[in-house]
Structures are given as C-alpha cells and as structure tokens.
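S.K.: Below is one structure. I have some questions about it.
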Amino acid sequence: MIIDGKQLSAKLKEQMAEQVVELKAKYGRVPSLAVILVGENPASQSYVRGKIKACEVCGFESILITLPESVSEADLLAEIAKLNDDQKVDGVLVQLPLPKHIDEEKVIDAIALEKDVDGFHPDNVANLWLGKPCIKPCTPKGVMRMIEECGFNVAGANAVVVGRSNIVGKPMAKLLLDANATVTIAHSRTKNLSEVTRSADILIAAVGRPRMITADMVRPGAIVIDVGVNRDSETGKLCGDVDFEAVKDIASHITPVPGGVGPMTITMLMQNTIECFLNRVNK
C-alpha cells in the first residue's frame, strides 16, 4: 500500500481550516506565520511558495520577508528580533540553507522559543529529549502521523532510522522511542547495514543518497518511509533514498518521492503554527 502524503496532507489541512474558523470566532484573529527567505535559491523559493500556499489553504495570515543574498548577519538578526516582538506573529521561520557568511546556528538561536515552528531552537531540542512539552520538528512529526495512518501499533516494534541529522534522523529516533518502539540509528558507515535494516518492522530512510535502500535491505511486510529528496543524475527527476520500484512489492506500506513525506512536512508546520498560536493566546 502506498502512503499518499498529498491526500493525507489535504485531509489534515481541511480539518485545520475548520479549526481556524473556530479560533477566529473565539480569539478574534487567526494564526500568523512569518517566513524569511534569503537569496534566490530555486529550491528554497519553491519550499517557501509551498508554505505560503498552505497558509492560505488553512486560513492563516502569512508574512513573507525576502532579503538579498548579500544581507548581513546583523540585518537578518534584526528582522528576526522585530518578528519576535510582533504580538500578531505566532510563528517565525528562516528558510535554510543560508548564505555561507551567515551563521545558521546563531540565526536559529535568535528565533523566540515560543515562535519556533520548525522545532530547531536548542531549548526545543533539549525539551524533546527530556520528554518536556515542546514544538516537534515537522518532518519527523509528519512521519509519525503517516505511520499512524497505516493503523500500525508502533509499541514494541523494531524501528531502524538510516540517517543521523539533527533535523530528521535524531529527532525521528526520539519520537519513535516515545511511541515505545525499539530504535536503532544506522548511517552510511554502519557495518552490515543490510542486516540491520532487514531487522526493521519500520524502516525510515533519511540519509540523502539516491536509491541507497535496495530490495535486499528490506524485510518483507515492513513499513518503509522515504524521507530522502534527491535528483537522479541520469533523468534529472526527483527520487528518494529508497529504490521505490524494487521495494514497493516487498513492503506492506511505502511512501513515494515526490508526494510522500514532503507534503506532510509542510502540513506539520501548519499544525505547529496553530500550537504556537494556542500556547501564546492561552498564556
């Protein structure tokens, strides 16, 4: 069974749009998301367009601030400070990657904790690992929602996450642990990787290598979630970290690329914006 991220995303956004109508009636305003885009990276522009469009669908207010590639770190931090102080703004995100002269860590740290819709702020990361209330990173949160959609009971299952990034791999492992899975984090240097991945009831590929996960690496009946977004060097088309055509007949459930995890990441960003809104109005 293919887990259709577009379809699930559309359903959840429809539910959020209904919720936003109720929020406006109760609080007199709707959630507001501010996005800062630095430079003209085509991929970043595309991602930002998707986020602004999702805000429209959900009935949010959106603020798009575009800054030139040459913007100084100080000026970018000043823009963030303004948005932190703006009481009408509930969520702030800076589209990554940033130009090399800007320290990404410093920028992430500058976003107010209560407006950190990406879940990247170090205090949010710490709270996630300490089991305290926090804003969860969008991609891992979306993956958990997709697994839930399969009707699969995560508790007690063997989960293998291939990838150890701060944005996906590590928080993904923590969310699976929180759901009582037995979790292994693997990566490109794991010895006998195929043996490790074949032990998985849930296999999550987030390593950034085209079609790295092949049919012989997947246990029959496993749920396979492909977080990778790569460009095929021969065809120029998007592809994932999983060899989809070879694995789809082995897995019980699998996500496609594109149309799988990507739409859910943006949808979870919308959910996080509502969460930040509610946290702020209920203070």
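Numbering starts fresh at 1 for the residues of each chain in the structure tokens, the chains themselves are lettered A, B, ... in the order given, and ligands are numbered from 1 as they appear.
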Would you tabulate, counting only C-alpha atoms, all residues of range 129-170 of chain A that have an atom at most 9 Å from an atom of range 245-261 of chain A, showing the closest pair of atoms and their distance in Å to one decimal, sorted by chain then ascending number, as a Markdown table?

M.R.:
```
| residue | atom | partner | partner_atom | distance |
| --- | --- | --- | --- | --- |
| A:Thr139 | CA | A:Val261 | CA | 7.2 |
| A:Gly142 | CA | A:Val261 | CA | 6.9 |
| A:Val143 | CA | A:Val261 | CA | 6.6 |
| A:Met146 | CA | A:Val261 | CA | 8.2 |
| A:Ile147 | CA | A:His253 | CA | 9.0 |
| A:Cys150 | CA | A:His253 | CA | 7.5 |
```

S.K.: List every residue of range 150-226 of chain A that has an atom at most 8 Å from any atom of range 106-130 of chain A, giving for each one its closest atom pair and the distance in Å to one decimal, counting only C-alpha atoms, sorted by chain and then by ascending residue number, as CSV.

M.R.:
```
residue,atom,partner,partner_atom,distance
A:Ile167,CA,A:Phe120,CA,7.4
A:Pro171,CA,A:Leu128,CA,7.8
A:Lys174,CA,A:Trp129,CA,6.9
```

S.K.: Could those residues be written to a file, using N, CA and C atoms, as an mmCIF file, in the first residue's frame?

M.R.:
```cif
data_model
loop_
_atom_site.group_PDB
_atom_site.id
_atom_site.type_symbol
_atom_site.label_atom_id
_atom_site.label_comp_id
_atom_site.auth_asym_id
_atom_site.auth_seq_id
_atom_site.Cartn_x
_atom_site.Cartn_y
_atom_site.Cartn_z
ATOM 1 N N ILE A 167 18.004 17.429 12.026
ATOM 2 C CA ILE A 167 16.670 17.835 11.558
ATOM 3 C C ILE A 167 15.726 16.636 11.429
ATOM 4 N N PRO A 171 15.843 13.407 15.869
ATOM 5 C CA PRO A 171 14.502 13.584 16.451
ATOM 6 C C PRO A 171 13.532 12.472 16.049
ATOM 7 N N LYS A 174 13.873 9.755 18.470
ATOM 8 C CA LYS A 174 13.268 10.089 19.778
ATOM 9 C C LYS A 174 11.749 9.950 19.736
#
```

S.K.: For Gly240 in chain A, which residue out of A:Ala200, A:Leu33, A:Val207, A:Ala25 is the nearest one, using only C-alpha atoms?

M.R.: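 Going through A:Ala200, A:Leu33, A:Val207, A:Ala25 one by one, the smallest distance to Gly240 in chain A is for A:Val207.
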
S.K.: So which residues touch Glu18 in chain A within 10 Å, counting only C-alpha atoms, skipping near sequence neighbours fewer than 5 positions away, as a PyMOL selection string?

M.R.: chain A and resi 13+23+58-59

S.K.: Rank A:Asn230, A:Thr267, A:Thr184, A:Asn153 by their smallest atom-to-atom distance to Ile52 in chain A, using only C-alpha atoms, and report the top residue only.

M.R.: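 Smallest distance to Ile52 in chain A is found for A:Thr267.
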
S.K.: Let me make sure I understand: among A:Met268, A:Val154, A:Cys55, A:Ile223, which one has the smallest atom-to-atom distance to Ile2 in chain A if we use only C-alpha atoms?

M.R.: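 Answer, going by the shortest atom-to-atom distance: A:Ile223.
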
S.K.: Would you work out the distance separating CA of Ala205 in chain A from CA of Ile3 in chain A, expressed in Å to one decimal?

M.R.: 14.9 Å

S.K.: Using DSSP on the backbone coordinates, identify all residues within range 58-228 of chain A classified as strand (DSSP E or B); present the result as an MDAnalysis selection string.

M.R.: chainID A and resid 61:67 91:94 116 158:162 182:186 202:205 213 223:226

S.K.: Interatomic distance between CA of Lys283 in chain A and CA of Cys138 in chain A?

M.R.: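 Interatomic distance here is 23.4 Å.
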
S.K.: Counting only C-alpha atoms, which of A:Gly131, A:Pro210, A:Asp75, A:Ser44 gets nearest to Glu234 in chain A?

M.R.: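 So, comparing all the options, the nearest one is A:Pro210.
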
S.K.: Pick the closest to Leu203 in chain A from A:Leu175, A:Ala10, A:Val57, A:Ala157: which is it, counting only C-alpha atoms?

M.R.: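 Answer, going by the shortest atom-to-atom distance: A:Ala157.
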
S.K.: Show me, as a list in words, the residues that have an atom within 12 Å of Asn279 in chain A when counting only C-alpha atoms, minus same-chain residues fewer than 2 positions from it.

M.R.: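 Contacts, in chain order: Pro31, Asp90, Gly91, Leu113, Glu114, Lys115, Asp116, Val117, Pro133, Cys134, Ile135, Asn272, Thr273, Ile274, Glu275, Cys276, Phe277, Val281, Asn282 and Lys283 of chain A.
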
S.K.: Kindly export the residues of the current selection with all heavy atoms, as a compact mmCIF listing (two decimals), in the first residue's frame.

M.R.:
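And here's part.txt as it stands now:
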```txt
# COMPACT_ATOMS: atom_id res chain seq x y z
N PRO A 31 -4.16 32.33 13.30
CA PRO A 31 -2.71 32.15 13.43
C PRO A 31 -1.95 32.87 12.32
O PRO A 31 -2.44 33.00 11.20
CB PRO A 31 -2.53 30.63 13.32
CG PRO A 31 -3.84 30.06 13.75
CD PRO A 31 -4.87 31.03 13.25
N ASP A 90 2.72 34.57 15.30
CA ASP A 90 2.77 33.38 16.18
C ASP A 90 3.95 32.47 15.87
O ASP A 90 4.47 31.81 16.77
CB ASP A 90 1.47 32.58 16.04
CG ASP A 90 0.26 33.42 16.39
OD1 ASP A 90 0.17 33.83 17.55
OD2 ASP A 90 -0.56 33.69 15.49
N GLY A 91 4.34 32.41 14.60
CA GLY A 91 5.42 31.52 14.20
C GLY A 91 6.42 32.25 13.32
O GLY A 91 6.03 33.08 12.49
N LEU A 113 11.71 31.18 21.38
CA LEU A 113 11.34 29.79 21.63
C LEU A 113 9.86 29.54 21.37
O LEU A 113 9.49 28.54 20.75
CB LEU A 113 11.70 29.41 23.08
CG LEU A 113 11.36 27.98 23.51
CD1 LEU A 113 12.15 26.95 22.70
CD2 LEU A 113 11.65 27.80 25.00
N GLU A 114 9.03 30.48 21.82
CA GLU A 114 7.57 30.29 21.70
C GLU A 114 7.07 30.47 20.26
O GLU A 114 5.91 30.22 19.97
CB GLU A 114 6.81 31.21 22.65
CG GLU A 114 6.90 32.69 22.34
CD GLU A 114 8.11 33.39 22.95
OE1 GLU A 114 9.04 32.69 23.38
OE2 GLU A 114 8.10 34.64 22.99
N LYS A 115 7.97 30.93 19.35
CA LYS A 115 7.58 31.11 17.94
C LYS A 115 8.35 30.17 17.01
O LYS A 115 8.28 30.30 15.79
CB LYS A 115 7.81 32.57 17.52
CG LYS A 115 6.95 33.56 18.30
CD LYS A 115 7.05 34.97 17.75
CE LYS A 115 6.16 35.93 18.54
NZ LYS A 115 6.10 37.27 17.92
N ASP A 116 9.07 29.22 17.59
CA ASP A 116 9.95 28.32 16.83
C ASP A 116 9.15 27.18 16.19
O ASP A 116 9.18 26.05 16.67
CB ASP A 116 11.03 27.78 17.77
CG ASP A 116 11.90 26.71 17.13
OD1 ASP A 116 12.17 26.83 15.92
OD2 ASP A 116 12.29 25.76 17.83
N VAL A 117 8.47 27.48 15.10
CA VAL A 117 7.58 26.50 14.46
C VAL A 117 8.33 25.34 13.80
O VAL A 117 7.76 24.28 13.55
CB VAL A 117 6.66 27.16 13.41
CG1 VAL A 117 5.51 27.89 14.07
CG2 VAL A 117 7.45 28.09 12.50
N PRO A 133 7.24 19.36 27.35
CA PRO A 133 6.45 19.95 26.25
C PRO A 133 7.36 20.73 25.30
O PRO A 133 8.25 21.47 25.75
CB PRO A 133 5.48 20.89 26.98
CG PRO A 133 5.37 20.34 28.36
CD PRO A 133 6.72 19.76 28.67
N CYS A 134 7.15 20.56 24.01
CA CYS A 134 7.99 21.23 23.02
C CYS A 134 7.29 21.25 21.67
O CYS A 134 6.29 20.56 21.47
CB CYS A 134 9.33 20.51 22.87
SG CYS A 134 9.17 18.83 22.22
N ILE A 135 7.83 22.06 20.76
CA ILE A 135 7.39 22.02 19.37
C ILE A 135 8.25 20.97 18.67
O ILE A 135 9.47 21.07 18.67
CB ILE A 135 7.56 23.40 18.70
CG1 ILE A 135 6.70 24.46 19.41
CG2 ILE A 135 7.19 23.34 17.21
CD1 ILE A 135 5.21 24.23 19.37
N ASN A 272 2.10 23.07 13.79
CA ASN A 272 2.97 23.71 14.79
C ASN A 272 2.62 25.18 14.96
O ASN A 272 2.72 25.73 16.06
CB ASN A 272 4.44 23.56 14.38
CG ASN A 272 4.99 22.18 14.67
OD1 ASN A 272 4.32 21.34 15.27
ND2 ASN A 272 6.21 21.93 14.23
N THR A 273 2.22 25.83 13.85
CA THR A 273 1.83 27.25 13.93
C THR A 273 0.58 27.41 14.79
O THR A 273 0.49 28.32 15.63
CB THR A 273 1.61 27.83 12.51
OG1 THR A 273 2.80 27.64 11.74
CG2 THR A 273 1.29 29.32 12.57
N ILE A 274 -0.38 26.51 14.62
CA ILE A 274 -1.59 26.53 15.46
C ILE A 274 -1.20 26.29 16.93
O ILE A 274 -1.71 26.96 17.83
CB ILE A 274 -2.62 25.49 14.99
CG1 ILE A 274 -3.23 25.91 13.65
CG2 ILE A 274 -3.73 25.29 16.04
CD1 ILE A 274 -4.23 24.91 13.06
N GLU A 275 -0.29 25.36 17.14
CA GLU A 275 0.17 25.05 18.51
C GLU A 275 0.81 26.29 19.15
O GLU A 275 0.53 26.61 20.31
CB GLU A 275 1.18 23.91 18.44
CG GLU A 275 1.29 23.09 19.70
CD GLU A 275 2.22 21.89 19.52
OE1 GLU A 275 2.05 21.12 18.56
OE2 GLU A 275 3.12 21.74 20.38
N CYS A 276 1.68 26.97 18.40
CA CYS A 276 2.31 28.19 18.93
C CYS A 276 1.27 29.27 19.21
O CYS A 276 1.35 29.98 20.22
CB CYS A 276 3.35 28.71 17.92
SG CYS A 276 4.85 27.72 17.85
N PHE A 277 0.30 29.40 18.31
CA PHE A 277 -0.80 30.37 18.49
C PHE A 277 -1.53 30.08 19.80
O PHE A 277 -1.74 30.98 20.62
CB PHE A 277 -1.76 30.25 17.29
CG PHE A 277 -3.07 30.99 17.44
CD1 PHE A 277 -3.19 32.31 17.03
CD2 PHE A 277 -4.18 30.36 17.98
CE1 PHE A 277 -4.41 32.99 17.17
CE2 PHE A 277 -5.40 31.02 18.12
CZ PHE A 277 -5.50 32.34 17.71
N VAL A 281 -1.92 32.51 23.06
CA VAL A 281 -3.19 33.14 23.49
C VAL A 281 -3.67 32.60 24.83
O VAL A 281 -4.45 33.26 25.52
CB VAL A 281 -4.32 32.96 22.42
CG1 VAL A 281 -3.97 33.71 21.15
CG2 VAL A 281 -4.63 31.50 22.15
N ASN A 282 -3.18 31.42 25.22
CA ASN A 282 -3.61 30.83 26.49
C ASN A 282 -2.64 31.09 27.64
O ASN A 282 -2.79 30.51 28.72
CB ASN A 282 -3.82 29.32 26.32
CG ASN A 282 -5.05 29.01 25.47
OD1 ASN A 282 -6.06 29.71 25.56
ND2 ASN A 282 -4.96 28.00 24.61
N LYS A 283 -1.63 31.93 27.38
CA LYS A 283 -0.66 32.25 28.45
C LYS A 283 -1.32 32.99 29.59
O LYS A 283 -2.13 33.89 29.36
CB LYS A 283 0.47 33.11 27.86
CG LYS A 283 1.70 32.27 27.57
CD LYS A 283 2.84 33.19 27.18
CE LYS A 283 4.11 32.38 26.96
NZ LYS A 283 5.23 33.23 26.57
```

S.K.: Rounded to one decimal place, report the CA of Ile266 in chain A-CA of Phe60 in chain A distance in Å.

M.R.: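 CA of Ile266 in chain A sits 13.4 Å away from CA of Phe60 in chain A.
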
S.K.: Fewer than 6 positions away in the same chain doesn't count, so skip those; otherwise give me all residues within 12 Å of Pro99 in chain A, counting only C-alpha atoms, as a list in words.

M.R.: Leu37, Val38, Gly39, Glu40, Asn41, Ser44, Leu67, Pro68, Glu69, Ser70, Val71, Ser72, Glu73, Leu76 and Val107 of chain A

S.K.: Restricted to C-alpha atoms, what would the selected residues look like written as a PDB file, in the first residue's frame?

M.R.:
```pdb
ATOM      1  CA  LEU A  37      13.767  33.931   2.608  1.00  0.00           C
ATOM      2  CA  VAL A  38      17.370  34.968   1.982  1.00  0.00           C
ATOM      3  CA  GLY A  39      18.667  34.958  -1.587  1.00  0.00           C
ATOM      4  CA  GLU A  40      17.239  33.307  -4.691  1.00  0.00           C
ATOM      5  CA  ASN A  41      17.939  29.599  -4.263  1.00  0.00           C
ATOM      6  CA  SER A  44      14.230  27.401  -1.208  1.00  0.00           C
ATOM      7  CA  LEU A  67      16.185  39.544   1.746  1.00  0.00           C
ATOM      8  CA  PRO A  68      19.077  39.675  -0.736  1.00  0.00           C
ATOM      9  CA  GLU A  69      21.854  37.072  -0.711  1.00  0.00           C
ATOM     10  CA  SER A  70      24.218  39.835   0.421  1.00  0.00           C
ATOM     11  CA  VAL A  71      22.229  40.715   3.567  1.00  0.00           C
ATOM     12  CA  SER A  72      24.446  40.967   6.634  1.00  0.00           C
ATOM     13  CA  GLU A  73      24.033  38.615   9.559  1.00  0.00           C
ATOM     14  CA  LEU A  76      18.935  39.297   9.361  1.00  0.00           C
ATOM     15  CA  VAL A 107      20.014  32.542  13.409  1.00  0.00           C
TER      16      VAL A 107
END
```

S.K.: What are the DSSP alpha helix (DSSP H) residues of range 55-116 of chain A, as a list in words?

M.R.: Cys55, Glu56, Val57, Cys58, Glu73, Ala74, Asp75, Leu76, Leu77, Ala78, Glu79, Ile80, Ala81, Lys82, Leu83, Asn84, Asp85, Glu104, Glu105, Lys106, Val107, Ile108, Asp109 and Ala110 of chain A
